[in-house]
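**Q** The following file, data-v7.cif, comprises mmCIF, C-alpha atoms:
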data_structure
loop_
_atom_site.group_PDB
_atom_site.id
_atom_site.type_symbol
_atom_site.label_atom_id
_atom_site.label_comp_id
_atom_site.auth_asym_id
_atom_site.auth_seq_id
_atom_site.Cartn_x
_atom_site.Cartn_y
_atom_site.Cartn_z
ATOM 1 C CA MET A 1 25.812 183.367 -122.983
ATOM 2 C CA ALA A 2 29.545 182.932 -123.661
ATOM 3 C CA LEU A 3 31.459 180.814 -121.160
ATOM 4 C CA THR A 4 33.699 183.703 -120.090
ATOM 5 C CA THR A 5 30.653 185.963 -119.597
ATOM 6 C CA ARG A 6 28.856 183.302 -117.525
ATOM 7 C CA ARG A 7 31.959 182.837 -115.336
ATOM 8 C CA SER A 8 32.202 186.578 -114.794
ATOM 9 C CA ALA A 9 28.558 186.758 -113.754
ATOM 10 C CA LEU A 10 28.959 183.865 -111.319
ATOM 11 C CA THR A 11 32.046 185.502 -109.824
ATOM 12 C CA THR A 12 30.136 188.747 -109.297
ATOM 13 C CA LEU A 13 27.191 186.869 -107.721
ATOM 14 C CA GLY A 14 29.522 184.950 -105.398
ATOM 15 C CA ALA A 15 31.176 188.161 -104.237
ATOM 16 C CA ALA A 16 27.787 189.712 -103.521
ATOM 17 C CA LEU A 17 26.657 186.703 -101.516
ATOM 18 C CA ALA A 18 29.900 186.628 -99.562
ATOM 19 C CA GLY A 19 29.344 190.240 -98.604
ATOM 20 C CA SER A 20 25.799 189.581 -97.387
ATOM 21 C CA ILE A 21 26.361 186.337 -95.446
ATOM 22 C CA ALA A 22 28.072 186.503 -92.055
ATOM 23 C CA VAL A 23 30.998 184.140 -91.842
ATOM 24 C CA PRO A 24 31.087 182.361 -88.463
ATOM 25 C CA ALA A 25 34.058 183.331 -86.317
ATOM 26 C CA ALA A 26 36.567 180.653 -85.510
ATOM 27 C CA PRO A 27 35.734 178.984 -82.194
ATOM 28 C CA ALA A 28 37.547 180.435 -79.192
ATOM 29 C CA ALA A 29 40.448 178.473 -77.828
ATOM 30 C CA ALA A 30 39.758 176.431 -74.722
ATOM 31 C CA GLY A 31 41.723 178.811 -72.496
ATOM 32 C CA GLU A 32 39.840 181.810 -73.853
ATOM 33 C CA ARG A 33 36.459 180.125 -73.259
ATOM 34 C CA THR A 34 37.451 179.284 -69.695
ATOM 35 C CA HIS A 35 38.521 182.878 -69.065
ATOM 36 C CA ARG A 36 35.343 184.299 -70.581
ATOM 37 C CA PHE A 37 32.938 182.210 -68.510
ATOM 38 C CA ARG A 38 34.772 181.634 -65.230
ATOM 39 C CA PRO A 39 33.191 183.239 -62.153
ATOM 40 C CA LEU A 40 34.680 186.463 -60.814
ATOM 41 C CA TRP A 41 34.752 185.426 -57.177
ATOM 42 C CA ARG A 42 36.217 188.775 -56.066
ATOM 43 C CA ALA A 43 33.357 190.829 -57.525
ATOM 44 C CA HIS A 44 30.717 192.047 -55.041
ATOM 45 C CA ALA A 45 27.431 193.555 -56.266
ATOM 46 C CA HIS A 46 26.672 196.296 -53.748
ATOM 47 C CA ASN A 47 22.905 196.915 -53.338
ATOM 48 C CA ASP A 48 22.356 194.255 -55.972
ATOM 49 C CA TYR A 49 18.550 194.540 -55.753
ATOM 50 C CA GLU A 50 18.660 198.013 -57.357
ATOM 51 C CA HIS A 51 19.663 196.563 -60.728
ATOM 52 C CA PRO A 52 16.926 195.941 -63.330
ATOM 53 C CA ARG A 53 17.185 192.169 -62.784
ATOM 54 C CA PRO A 54 18.219 191.529 -59.173
ATOM 55 C CA LEU A 55 20.596 188.570 -58.845
ATOM 56 C CA PHE A 56 20.434 187.682 -62.545
ATOM 57 C CA ASP A 57 22.324 190.755 -63.756
ATOM 58 C CA ALA A 58 25.109 189.994 -61.286
ATOM 59 C CA LEU A 59 25.192 186.334 -62.309
ATOM 60 C CA ASP A 60 25.306 187.320 -65.980
ATOM 61 C CA HIS A 61 28.403 189.364 -65.139
ATOM 62 C CA ARG A 62 29.778 186.324 -63.222
ATOM 63 C CA PHE A 63 29.898 187.990 -59.790
ATOM 64 C CA GLY A 64 30.932 185.954 -56.769
ATOM 65 C CA SER A 65 29.006 187.975 -54.188
ATOM 66 C CA VAL A 66 25.683 189.848 -54.107
ATOM 67 C CA GLU A 67 24.130 192.062 -51.446
ATOM 68 C CA ALA A 68 20.478 192.305 -50.421
ATOM 69 C CA ASP A 69 19.072 194.656 -47.773
ATOM 70 C CA ILE A 70 16.099 193.264 -45.867
ATOM 71 C CA HIS A 71 13.308 194.641 -43.676
ATOM 72 C CA LEU A 72 11.108 192.480 -41.469
ATOM 73 C CA VAL A 73 7.434 193.291 -42.152
ATOM 74 C CA GLY A 74 5.140 190.846 -40.365
ATOM 75 C CA ASP A 75 6.657 187.492 -41.242
ATOM 76 C CA GLN A 76 7.933 188.681 -44.619
ATOM 77 C CA LEU A 77 11.485 189.746 -45.450
ATOM 78 C CA LEU A 78 11.168 192.578 -47.964
ATOM 79 C CA VAL A 79 14.136 193.740 -50.006
ATOM 80 C CA ALA A 80 14.809 197.490 -50.227
ATOM 81 C CA HIS A 81 17.296 200.066 -49.016
ATOM 82 C CA ASP A 82 14.772 202.414 -47.380
ATOM 83 C CA PRO A 83 11.356 201.795 -45.789
ATOM 84 C CA GLU A 84 9.583 204.026 -48.320
ATOM 85 C CA ASP A 85 10.742 201.716 -51.101
ATOM 86 C CA LEU A 86 9.210 198.552 -49.661
ATOM 87 C CA ASP A 87 7.116 196.486 -52.067
ATOM 88 C CA PRO A 88 5.279 193.339 -50.834
ATOM 89 C CA SER A 89 6.161 191.548 -54.066
ATOM 90 C CA ARG A 90 9.911 192.067 -53.612
ATOM 91 C CA THR A 91 10.758 189.487 -50.973
ATOM 92 C CA LEU A 92 14.074 187.857 -50.221
ATOM 93 C CA GLU A 93 12.448 184.551 -51.124
ATOM 94 C CA SER A 94 11.245 185.652 -54.565
ATOM 95 C CA LEU A 95 14.283 187.716 -55.577
ATOM 96 C CA TYR A 96 17.073 185.519 -54.203
ATOM 97 C CA LEU A 97 16.294 182.318 -52.351
ATOM 98 C CA ASP A 98 13.918 180.669 -54.832
ATOM 99 C CA PRO A 99 15.936 181.662 -57.951
ATOM 100 C CA LEU A 100 19.177 180.465 -56.384
ATOM 101 C CA ALA A 101 17.615 177.149 -55.384
ATOM 102 C CA ALA A 102 16.292 176.661 -58.925
ATOM 103 C CA ARG A 103 19.631 177.554 -60.494
ATOM 104 C CA VAL A 104 21.573 175.193 -58.235
ATOM 105 C CA ARG A 105 19.195 172.344 -59.062
ATOM 106 C CA ALA A 106 19.571 173.035 -62.790
ATOM 107 C CA SER A 107 23.367 173.296 -62.526
ATOM 108 C CA HIS A 108 23.855 170.022 -60.648
ATOM 109 C CA GLY A 109 24.646 171.483 -57.255
ATOM 110 C CA CYS A 110 26.474 174.697 -58.072
ATOM 111 C CA VAL A 111 25.642 178.299 -58.925
ATOM 112 C CA TYR A 112 28.066 178.401 -61.853
ATOM 113 C CA ARG A 113 27.960 175.141 -63.759
ATOM 114 C CA GLY A 114 31.305 173.406 -63.545
ATOM 115 C CA TYR A 115 32.612 175.596 -60.707
ATOM 116 C CA ARG A 116 32.306 174.435 -57.106
ATOM 117 C CA GLY A 117 32.970 177.777 -55.435
ATOM 118 C CA SER A 118 30.316 179.185 -53.096
ATOM 119 C CA LEU A 119 28.419 182.343 -54.050
ATOM 120 C CA GLN A 120 28.303 184.803 -51.158
ATOM 121 C CA LEU A 121 24.856 186.207 -50.351
ATOM 122 C CA LEU A 122 25.456 189.187 -48.065
ATOM 123 C CA ILE A 123 22.201 189.975 -46.271
ATOM 124 C CA ASP A 124 22.126 193.439 -44.705
ATOM 125 C CA ILE A 125 19.517 193.661 -41.924
ATOM 126 C CA LYS A 126 17.821 197.065 -41.829
ATOM 127 C CA THR A 127 15.271 196.389 -39.062
ATOM 128 C CA GLU A 128 15.910 195.228 -35.500
ATOM 129 C CA GLY A 129 18.619 192.607 -35.800
ATOM 130 C CA SER A 130 17.591 189.865 -33.391
ATOM 131 C CA SER A 131 13.968 189.443 -34.482
ATOM 132 C CA THR A 132 14.837 189.892 -38.159
ATOM 133 C CA TYR A 133 17.565 187.268 -37.986
ATOM 134 C CA LEU A 134 15.299 184.730 -36.295
ATOM 135 C CA GLU A 135 12.762 185.121 -39.114
ATOM 136 C CA LEU A 136 15.562 184.958 -41.676
ATOM 137 C CA ASP A 137 16.814 181.740 -40.105
ATOM 138 C CA ARG A 138 13.376 180.182 -40.687
ATOM 139 C CA HIS A 139 13.553 181.172 -44.357
ATOM 140 C CA LEU A 140 17.057 179.783 -44.768
ATOM 141 C CA ARG A 141 16.038 176.455 -43.223
ATOM 142 C CA ARG A 142 13.525 175.977 -46.046
ATOM 143 C CA HIS A 143 16.558 175.708 -48.365
ATOM 144 C CA ARG A 144 18.776 173.614 -46.140
ATOM 145 C CA HIS A 145 20.730 172.033 -49.016
ATOM 146 C CA LEU A 146 21.467 175.408 -50.600
ATOM 147 C CA PHE A 147 23.520 177.073 -47.874
ATOM 148 C CA THR A 148 26.873 176.554 -46.245
ATOM 149 C CA THR A 149 26.050 175.276 -42.744
ATOM 150 C CA TYR A 150 27.727 175.477 -39.355
ATOM 151 C CA ALA A 151 26.844 172.426 -37.253
ATOM 152 C CA HIS A 152 28.332 171.610 -33.849
ATOM 153 C CA GLY A 153 31.718 173.128 -34.540
ATOM 154 C CA ARG A 154 32.083 172.109 -38.180
ATOM 155 C CA VAL A 155 31.418 174.011 -41.409
ATOM 156 C CA PHE A 156 29.815 172.168 -44.343
ATOM 157 C CA ARG A 157 30.243 174.103 -47.552
ATOM 158 C CA GLY A 158 27.221 174.686 -49.805
ATOM 159 C CA PRO A 159 26.770 176.371 -53.187
ATOM 160 C CA VAL A 160 25.666 179.601 -51.435
ATOM 161 C CA THR A 161 27.070 181.135 -48.252
ATOM 162 C CA ALA A 162 24.811 183.571 -46.406
ATOM 163 C CA VAL A 163 26.643 186.265 -44.433
ATOM 164 C CA ILE A 164 24.640 188.564 -42.137
ATOM 165 C CA SER A 165 25.476 192.252 -41.995
ATOM 166 C CA GLY A 166 23.622 195.355 -40.859
ATOM 167 C CA ASP A 167 22.041 195.644 -37.414
ATOM 168 C CA ARG A 168 24.536 194.283 -34.887
ATOM 169 C CA ALA A 169 21.845 192.807 -32.626
ATOM 170 C CA ALA A 170 21.711 189.785 -34.957
ATOM 171 C CA ARG A 171 24.939 188.572 -33.398
ATOM 172 C CA THR A 172 23.363 187.419 -30.129
ATOM 173 C CA PRO A 173 20.925 184.815 -31.521
ATOM 174 C CA MET A 174 23.509 183.690 -34.073
ATOM 175 C CA GLU A 175 26.144 182.972 -31.440
ATOM 176 C CA ALA A 176 23.608 180.970 -29.423
ATOM 177 C CA GLN A 177 22.971 178.527 -32.276
ATOM 178 C CA THR A 178 24.749 175.184 -32.519
ATOM 179 C CA VAL A 179 23.392 174.777 -36.067
ATOM 180 C CA ARG A 180 22.977 177.736 -38.415
ATOM 181 C CA ARG A 181 22.896 178.425 -42.118
ATOM 182 C CA ALA A 182 24.426 181.875 -41.952
ATOM 183 C CA PHE A 183 27.607 183.582 -40.791
ATOM 184 C CA TYR A 184 28.412 186.981 -39.335
ATOM 185 C CA ASP A 185 29.942 189.951 -41.151
ATOM 186 C CA GLY A 186 32.584 191.413 -38.839
ATOM 187 C CA ARG A 187 34.286 194.798 -38.735
ATOM 188 C CA LEU A 188 37.983 195.625 -38.510
ATOM 189 C CA ALA A 189 37.546 195.835 -34.741
ATOM 190 C CA ASP A 190 36.720 192.113 -34.792
ATOM 191 C CA LEU A 191 40.181 191.210 -36.074
ATOM 192 C CA GLY A 192 41.413 191.037 -32.509
ATOM 193 C CA SER A 193 38.400 189.210 -31.116
ATOM 194 C CA PRO A 194 38.350 185.520 -30.182
ATOM 195 C CA ALA A 195 35.449 184.815 -32.591
ATOM 196 C CA PRO A 196 36.708 182.287 -35.172
ATOM 197 C CA ALA A 197 36.295 182.325 -38.940
ATOM 198 C CA SER A 198 33.594 179.686 -38.531
ATOM 199 C CA PHE A 199 31.474 182.503 -37.083
ATOM 200 C CA ILE A 200 33.024 185.593 -38.751
ATOM 201 C CA PRO A 201 34.347 184.536 -42.175
ATOM 202 C CA LEU A 202 34.175 188.091 -43.557
ATOM 203 C CA ILE A 203 35.562 191.409 -42.314
ATOM 204 C CA SER A 204 33.847 194.406 -43.944
ATOM 205 C CA ASP A 205 34.340 198.080 -43.177
ATOM 206 C CA ASN A 206 33.907 201.626 -44.461
ATOM 207 C CA TRP A 207 36.986 202.600 -46.474
ATOM 208 C CA THR A 208 36.696 206.288 -45.578
ATOM 209 C CA LEU A 209 36.852 205.583 -41.823
ATOM 210 C CA HIS A 210 40.303 204.030 -42.130
ATOM 211 C CA PHE A 211 41.959 205.515 -45.231
ATOM 212 C CA THR A 212 42.176 209.003 -46.730
ATOM 213 C CA TRP A 213 43.265 208.003 -50.240
ATOM 214 C CA GLN A 214 40.558 208.124 -52.929
ATOM 215 C CA GLY A 215 42.642 206.918 -55.865
ATOM 216 C CA VAL A 216 44.035 210.320 -56.907
ATOM 217 C CA GLY A 217 47.802 210.688 -56.877
ATOM 218 C CA ALA A 218 50.123 208.292 -55.119
ATOM 219 C CA PHE A 219 48.820 205.921 -52.477
ATOM 220 C CA PRO A 220 50.473 207.048 -49.218
ATOM 221 C CA GLU A 221 52.961 204.361 -48.274
ATOM 222 C CA ALA A 222 51.818 204.292 -44.665
ATOM 223 C CA GLU A 223 48.240 203.600 -45.818
ATOM 224 C CA ARG A 224 49.419 200.935 -48.273
ATOM 225 C CA GLN A 225 51.245 199.116 -45.502
ATOM 226 C CA LYS A 226 48.253 199.479 -43.195
ATOM 227 C CA LEU A 227 45.949 197.957 -45.837
ATOM 228 C CA ARG A 228 48.282 195.050 -46.479
ATOM 229 C CA GLY A 229 48.756 194.446 -42.769
ATOM 230 C CA LEU A 230 45.001 194.327 -42.149
ATOM 231 C CA THR A 231 44.489 191.909 -45.032
ATOM 232 C CA ARG A 232 47.318 189.639 -43.859
ATOM 233 C CA ALA A 233 45.907 189.620 -40.335
ATOM 234 C CA ALA A 234 42.464 188.597 -41.602
ATOM 235 C CA HIS A 235 43.860 185.915 -43.882
ATOM 236 C CA ARG A 236 45.896 184.401 -41.039
ATOM 237 C CA ARG A 237 42.588 183.942 -39.229
ATOM 238 C CA GLY A 238 40.929 182.410 -42.299
ATOM 239 C CA GLN A 239 38.797 185.522 -42.925
ATOM 240 C CA LYS A 240 38.105 187.469 -46.105
ATOM 241 C CA VAL A 241 38.116 191.264 -46.452
ATOM 242 C CA ARG A 242 35.782 193.762 -48.134
ATOM 243 C CA PHE A 243 35.546 197.561 -48.020
ATOM 244 C CA TRP A 244 32.524 199.639 -48.896
ATOM 245 C CA ALA A 245 32.378 203.394 -49.683
ATOM 246 C CA THR A 246 35.259 203.117 -52.156
ATOM 247 C CA PRO A 247 35.173 205.365 -55.270
ATOM 248 C CA ASP A 248 32.750 203.923 -57.812
ATOM 249 C CA LEU A 249 32.707 206.415 -60.675
ATOM 250 C CA ALA A 250 34.398 205.023 -63.788
ATOM 251 C CA GLY A 251 37.817 206.541 -64.298
ATOM 252 C CA PRO A 252 41.496 206.423 -63.333
ATOM 253 C CA ALA A 253 40.893 207.027 -59.607
ATOM 254 C CA ARG A 254 38.606 204.033 -59.281
ATOM 255 C CA ASP A 255 40.946 201.811 -61.282
ATOM 256 C CA ALA A 256 43.925 202.929 -59.209
ATOM 257 C CA LEU A 257 42.158 202.137 -55.939
ATOM 258 C CA TRP A 258 40.848 198.805 -57.212
ATOM 259 C CA GLY A 259 44.381 197.957 -58.322
ATOM 260 C CA GLU A 260 45.755 198.621 -54.834
ATOM 261 C CA LEU A 261 42.990 196.518 -53.276
ATOM 262 C CA LEU A 262 43.894 193.610 -55.551
ATOM 263 C CA ALA A 263 47.601 194.007 -54.854
ATOM 264 C CA ALA A 264 46.919 193.966 -51.112
ATOM 265 C CA GLY A 265 44.910 190.750 -51.393
ATOM 266 C CA VAL A 266 41.513 192.256 -50.556
ATOM 267 C CA ASP A 267 39.024 189.498 -51.340
ATOM 268 C CA TYR A 268 35.979 191.445 -52.597
ATOM 269 C CA LEU A 269 35.802 194.611 -54.678
ATOM 270 C CA ASN A 270 32.606 196.546 -54.036
ATOM 271 C CA THR A 271 30.649 198.154 -56.902
ATOM 272 C CA ASP A 272 27.316 199.184 -58.373
ATOM 273 C CA ASP A 273 28.893 199.094 -61.864
ATOM 274 C CA LEU A 274 28.679 195.417 -62.800
ATOM 275 C CA ALA A 275 30.077 195.744 -66.316
ATOM 276 C CA GLY A 276 32.857 198.062 -65.158
ATOM 277 C CA LEU A 277 34.188 195.700 -62.496
ATOM 278 C CA GLU A 278 33.792 192.699 -64.802
ATOM 279 C CA ALA A 279 35.954 194.413 -67.442
ATOM 280 C CA PHE A 280 38.514 195.501 -64.826
ATOM 281 C CA LEU A 281 38.925 191.987 -63.391
ATOM 282 C CA ASP A 282 38.939 190.329 -66.811
ATOM 283 C CA ALA A 283 41.733 192.644 -67.971
ATOM 284 C CA ARG A 284 43.816 191.516 -64.998
ATOM 285 C CA ARG A 285 42.642 187.886 -64.992
ATOM 286 C CA ALA A 286 41.790 188.478 -61.316
#
Show me the file's structure as structure tokens.

**A**
Amino acid sequence: MALTTRRSALTTLGAALAGSIAVPAAPAAAGERTHRFRPLWRAHAHNDYEHPRPLFDALDHRFGSVEADIHLVGDQLLVAHDPEDLDPSRTLESLYLDPLAARVRASHGCVYRGYRGSLQLLIDIKTEGSSTYLELDRHLRRHRHLFTTYAHGRVFRGPVTAVISGDRAARTPMEAQTVRRAFYDGRLADLGSPAPASFIPLISDNWTLHFTWQGVGAFPEAERQKLRGLTRAAHRRGQKVRFWATPDLAGPARDALWGELLAAGVDYLNTDDLAGLEAFLDARRA
């Protein structure tokens, strides 16, 4: 074969191989890697247990808060929204407590390796609050190094912070404890109460009970000022704020409302759409 012909054939072969072999992308810059993998502490997975992989889907999307509804059945805490959906295999222990304990051990004491923030585990009690909480307390004590703990007037931060919502009767046994591994989810009415942030670190409420705006059109200025005033009042007391029943269908209305919540300093955005909220917060580096 002539030299020029052989060179032409090699050139053609090289072009074909280049087209069939994927060329590795240049490594992301350090700042881009940090942005891509940092936890989204303001993201709350509402009814997290309804996702195909409870807890793990939310962690894959880097959420900072997950919600589990529990029912007391015998001495078991079963996770479901409604009684007809109860499954003996779906316990709080198996879906949340054991996996979180294993992850924290593997990640050297944190939920997100390299980040010392505390994942919020919001536990919504669906059965009678006092008896359910007392059983829950026994479960939490099995993982004493996992949870943020209140002990004799001081709060010791852990990789996971359990906050108790749902049936209000849980408050009585919680307030009687001098040592506990859970905290109470307050309502806007609790903003004026003497209970400190060491007992009520979170104020949650139904958006539709306090605001008319659903993200369509302009946010009424009076409602904007009300929202910002409530958030400032909570923050002065060392409390965080979350609203449920906000619009959750993808679109401009949801984005507009989420944007106002961020601007007002609301600490947790509530969603069932993990990927949607992840993309929204990433776009705003929030």

**Q** For the file shown, what are the residues hit by the PyMOL selection byres ((chain A and resi 122) around 7), laid out as a PDB file with C-alpha atoms, keeping the file's coordinate frame?

**A**
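Here's the written file part03.pdb:
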ATOM      1  CA  VAL A  66      25.683 189.848 -54.107  1.00  0.00           C
ATOM      2  CA  GLU A  67      24.130 192.062 -51.446  1.00  0.00           C
ATOM      3  CA  ALA A  68      20.478 192.305 -50.421  1.00  0.00           C
ATOM      4  CA  GLN A 120      28.303 184.803 -51.158  1.00  0.00           C
ATOM      5  CA  LEU A 121      24.856 186.207 -50.351  1.00  0.00           C
ATOM      6  CA  ILE A 123      22.201 189.975 -46.271  1.00  0.00           C
ATOM      7  CA  ASP A 124      22.126 193.439 -44.705  1.00  0.00           C
ATOM      8  CA  ALA A 162      24.811 183.571 -46.406  1.00  0.00           C
ATOM      9  CA  VAL A 163      26.643 186.265 -44.433  1.00  0.00           C
ATOM     10  CA  ILE A 164      24.640 188.564 -42.137  1.00  0.00           C
ATOM     11  CA  SER A 165      25.476 192.252 -41.995  1.00  0.00           C
TER      12      SER A 165
END

**Q** Decode the PyMOL selection byres ((chain A and resi 90) around 6) for the given file into explicit residues and return them as a short mmCIF file (atom, residue, chain, number, x, y, z; two decimals) with C-alpha atoms, in the frame of the given file.

**A**
data_model
loop_
_atom_site.label_atom_id
_atom_site.label_comp_id
_atom_site.auth_asym_id
_atom_site.auth_seq_id
_atom_site.Cartn_x
_atom_site.Cartn_y
_atom_site.Cartn_z
CA LEU A 78 11.17 192.58 -47.96
CA VAL A 79 14.14 193.74 -50.01
CA ASP A 87 7.12 196.49 -52.07
CA PRO A 88 5.28 193.34 -50.83
CA SER A 89 6.16 191.55 -54.07
CA THR A 91 10.76 189.49 -50.97
#

**Q** Thr149 in chain A: which residues within 7 Å, counting only C-alpha atoms, same-chain residues fewer than 2 positions away excluded, as a CSV table (one decimal) with C-alpha atoms, keeping the file's coordinate frame?

**A**
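Okay, part-v9.csv is ready:
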chain,number,residue,atom,x,y,z
A,147,PHE,CA,23.5,177.1,-47.9
A,151,ALA,CA,26.8,172.4,-37.3
A,155,VAL,CA,31.4,174.0,-41.4
A,156,PHE,CA,29.8,172.2,-44.3
A,157,ARG,CA,30.2,174.1,-47.6
A,180,ARG,CA,23.0,177.7,-38.4
A,181,ARG,CA,22.9,178.4,-42.1
A,182,ALA,CA,24.4,181.9,-42.0

**Q** Please work out which residues fall within 10 Å of (19.6, 176.9, -45.5), coordinates as given in the file, with only C-alpha atoms counting, and return them as a ChimeraX atom specification.

**A** /A:97,136-149,158,160-162,180-182

**Q** If the PyMOL selection byres ((chain A and resi 242) around 12) is run on the structure shown, which residues does it catch, given as an mmCIF file with C-alpha atoms, in the coordinates of the input?

**A**
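Now in part21.cif:
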data_model
loop_
_atom_site.group_PDB
_atom_site.id
_atom_site.type_symbol
_atom_site.label_atom_id
_atom_site.label_comp_id
_atom_site.auth_asym_id
_atom_site.auth_seq_id
_atom_site.Cartn_x
_atom_site.Cartn_y
_atom_site.Cartn_z
ATOM 1 C CA ARG A 42 36.217 188.775 -56.066
ATOM 2 C CA ALA A 43 33.357 190.829 -57.525
ATOM 3 C CA HIS A 44 30.717 192.047 -55.041
ATOM 4 C CA ALA A 45 27.431 193.555 -56.266
ATOM 5 C CA HIS A 46 26.672 196.296 -53.748
ATOM 6 C CA SER A 65 29.006 187.975 -54.188
ATOM 7 C CA LEU A 122 25.456 189.187 -48.065
ATOM 8 C CA ASP A 185 29.942 189.951 -41.151
ATOM 9 C CA GLY A 186 32.584 191.413 -38.839
ATOM 10 C CA ARG A 187 34.286 194.798 -38.735
ATOM 11 C CA LEU A 188 37.983 195.625 -38.510
ATOM 12 C CA PRO A 201 34.347 184.536 -42.175
ATOM 13 C CA LEU A 202 34.175 188.091 -43.557
ATOM 14 C CA ILE A 203 35.562 191.409 -42.314
ATOM 15 C CA SER A 204 33.847 194.406 -43.944
ATOM 16 C CA ASP A 205 34.340 198.080 -43.177
ATOM 17 C CA ASN A 206 33.907 201.626 -44.461
ATOM 18 C CA TRP A 207 36.986 202.600 -46.474
ATOM 19 C CA LEU A 227 45.949 197.957 -45.837
ATOM 20 C CA LEU A 230 45.001 194.327 -42.149
ATOM 21 C CA THR A 231 44.489 191.909 -45.032
ATOM 22 C CA ALA A 234 42.464 188.597 -41.602
ATOM 23 C CA GLN A 239 38.797 185.522 -42.925
ATOM 24 C CA LYS A 240 38.105 187.469 -46.105
ATOM 25 C CA VAL A 241 38.116 191.264 -46.452
ATOM 26 C CA PHE A 243 35.546 197.561 -48.020
ATOM 27 C CA TRP A 244 32.524 199.639 -48.896
ATOM 28 C CA ALA A 245 32.378 203.394 -49.683
ATOM 29 C CA THR A 246 35.259 203.117 -52.156
ATOM 30 C CA TRP A 258 40.848 198.805 -57.212
ATOM 31 C CA LEU A 261 42.990 196.518 -53.276
ATOM 32 C CA LEU A 262 43.894 193.610 -55.551
ATOM 33 C CA ALA A 264 46.919 193.966 -51.112
ATOM 34 C CA GLY A 265 44.910 190.750 -51.393
ATOM 35 C CA VAL A 266 41.513 192.256 -50.556
ATOM 36 C CA ASP A 267 39.024 189.498 -51.340
ATOM 37 C CA TYR A 268 35.979 191.445 -52.597
ATOM 38 C CA LEU A 269 35.802 194.611 -54.678
ATOM 39 C CA ASN A 270 32.606 196.546 -54.036
ATOM 40 C CA THR A 271 30.649 198.154 -56.902
#

**Q** Check the smallest atom-to-atom distance from each of A:Gln177, A:Glu223, A:Pro196, A:Gln214 to His235 in chain A using all atoms listed in the file, then report the winner.

**A** A:Pro196
